[in-house]
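Written below as structure tokens is the structure these notes are about.
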Amino acid sequence: MAAAIAASVLLMPAREAAAQMMPFREYPSFEGDDAAAPIPPDWNIPAEFVVGRLMYPGGRMGFRGGADWTHGGTSWTDDYPKGDRTFIGMLRRFTRTHVRGVEQPINPDDGGDLYYYPFMVVGLAQAWQLTDEQAAKIREYLIRGGFLFCDSFFGERNYQVFEESLKRVFPDRPIIDMSDDHPIFHVVFDLPEMTKVQIPNANSIGYGRRGMRGTPRWRGVEDEHGRLVILIAYNNDVMDGWQWADDPRYPGDKANLALRLGVNVAMYSMTH
């Protein structure tokens, strides 16, 4: 199924596509050792499904690795790579999908590379500041069958910044509030009343700096056929649930919920 969906996303001449597909690469995370994770021994074994992580220019720059977002160390590396690899382990354990052992950072400026990945996560989505060219390319990616999961941001001002770039992607598409009966919350795991749940930021539960802010909002954008192509976890930090799943300070029930939701989102992206 994943291979079939990937083929529907990849609509370009084979010679051009092969020339533009980028190899696996790893970048520094701005979270340093907190987000570090070993590269698994099977990292280079081909698979039918690869978790993509969108690289983007953002307002929060220069934590580690300098101010160049193409070199990592900036906002898009939030919860990366540890969160991604914990999530990949969950996909391998609870689905029959053949998932690659490592994620793929995807620079939208790299030719047609993003069209290989039917599912991408967007970490610290409040900070993305897409150019018009990048927004147009992501719009084409979504129209072809791709999916974005936007996570890890809080507060009205941050939402406004996020929405500015989102409106460049889909200027004519409304942002809808998700309902608890949407298939994305039930495709693998049954997650009733998910829209009322807040997945906490690690800093709010004993990691030190600030508490949770705002009421959780689960929102999305649909294409012209009514297919959800973007899920927005606003006032939530689902990927912190992935990153800190093995830390006893992070609530186990919220980590389990974050991982189950991630499985649902990935499987929805491949089956709808």
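Here, A, B, ... name the chains of the structure tokens in the order displayed, residue numbers run from 1 inside each chain, and ligands are numbered from 1 in the same displayed order.
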Which residues are close to region 70-79 of chain A, i.e. within 10 Å by only C-alpha atoms, leaving aside same-chain residues fewer than 3 positions away? Reply as a ChimeraX atom specification. /A:26-32,34-36,53-67,82-84,105-107,109,121-128,151-152,237-244
>> Give me the residues near region 89-97 of chain A as a PyMOL selection string, where near means some atom within 9 Å (using only C-alpha atoms) and where sequence neighbours in that chain fewer than 5 positions away do not count.
In response: chain A and resi 1-2+47-49+84+188+259-260+262-263+266-267
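Here CA of Thr271 (chain A) and CA of Gly52 (chain A) stand 16.9 Å from one another.
Across A:Ser204, A:Ser179, A:Thr131, A:Thr195, the tightest approach to Pro251 (chain A) is made by A:Ser204 when counting only C-alpha atoms.
For the pair CA of Lys196 (chain A) and CA of Arg217 (chain A), the separation is 7.9 Å.
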Quick one: residues within 10 Å of Met22 (chain A), only C-alpha atoms counted, chain neighbours fewer than 6 positions away excluded, as a list of chain:residue names?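 In the requested form, the answer reads A:Gln104, A:Pro105, A:Ile106, A:Asn107, A:Asp110, A:Gly111, A:Gly112, A:Asp113, A:Leu114, A:Tyr116.
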Would you output that residue set with N, CA and C atoms, as a compact mmCIF listing (two decimals), in the first residue's frame?
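again-v9.txt was written with the following content:
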```txt
# COMPACT_ATOMS: atom_id res chain seq x y z
N GLN A 104 13.99 10.87 7.01
CA GLN A 104 14.66 11.58 5.91
C GLN A 104 14.40 13.07 6.03
N PRO A 105 15.42 13.89 6.37
CA PRO A 105 15.23 15.34 6.32
C PRO A 105 15.06 15.77 4.86
N ILE A 106 14.05 16.60 4.60
CA ILE A 106 13.70 16.94 3.23
C ILE A 106 13.72 18.45 3.05
N ASN A 107 14.63 18.91 2.22
CA ASN A 107 14.74 20.32 1.87
C ASN A 107 13.86 20.57 0.64
N ASP A 110 15.36 21.06 -2.84
CA ASP A 110 16.14 20.01 -3.50
C ASP A 110 15.35 19.36 -4.63
N GLY A 111 15.13 20.08 -5.68
CA GLY A 111 14.49 19.52 -6.85
C GLY A 111 13.18 18.83 -6.53
N GLY A 112 13.03 17.59 -7.00
CA GLY A 112 11.80 16.83 -6.78
C GLY A 112 11.90 15.84 -5.64
N ASP A 113 12.88 16.02 -4.75
CA ASP A 113 13.11 15.02 -3.70
C ASP A 113 11.90 14.78 -2.83
N LEU A 114 11.16 15.83 -2.47
CA LEU A 114 10.07 15.66 -1.52
C LEU A 114 8.95 14.78 -2.06
N TYR A 116 9.04 11.92 -3.11
CA TYR A 116 9.23 10.52 -2.76
C TYR A 116 8.60 10.15 -1.42
```
I'd like the contact shell of Val51 (chain A) - 8 Å cut-off, only C-alpha atoms, skipping same-chain residues fewer than 3 positions apart - returned as JSON, numbers by chain. {"A": [84, 88, 99, 100, 102, 103, 104, 117, 119, 120, 121]}
DSSP on the backbone: what in region 35-238 of chain A comes out strand (DSSP E), as a PyMOL selection string? chain A and resi 52-54+104-106+120-122+148-153+176-177+217-222+228-234
Set the distance at 8 Å and use only C-alpha atoms: which residues neighbour region 222-225 of chain A once local chain neighbours fewer than 3 positions away are removed? I'd like the list as a ChimeraX atom specification. /A:143,173,228-230
Counting only C-alpha atoms, figure out which residue out of A:Gln160, A:Gln129, A:Thr215, A:Asn203 gets nearest to Arg249 (chain A).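 The shortest atom-to-atom distance to Arg249 (chain A) comes from A:Asn203.
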Exercise for review: Give the helix (DSSP H, G or I) residues of region 25-61 of chain A, as assigned by DSSP on the backbone, as a PyMOL selection string.
Suggested key: chain A and resi 32-35
Check: What lies within 9 Å of Ser165 (chain A) using only C-alpha atoms, ignoring chain neighbours under 3 positions off, as a list in words?
Finding: Trp128, Gln129, Leu130, Thr131, Asp132, Ala135, Val161, Phe162, Arg168, Val169 and Phe170 of chain A
Take CA of Gly155 (chain A) and CA of Pro118 (chain A) and report the distance between them in Å, one decimal.
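CA of Gly155 (chain A) sits 29.0 Å away from CA of Pro118 (chain A).
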#### Entry: Residues within 12 Å of Asp180 (chain A), only C-alpha atoms, excluding chain neighbours under 4 positions, as an MDAnalysis selection string
chainID A and resid 184:186 190:197 217:219
For Asp177 (chain A), the closest of A:Pro46, A:Pro23, A:Ile232, A:Gly252 counting only C-alpha atoms is A:Ile232
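Here the question is which of A:Ile176, A:Ile39, A:Leu257, A:Val265 gets nearest to Leu148 (chain A) using only C-alpha atoms, and that residue is A:Val265.
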Counting only C-alpha atoms, the residue among A:Ala255, A:Ala202, A:Cys150, A:Val187 that lies closest to Gly220 (chain A) is A:Cys150
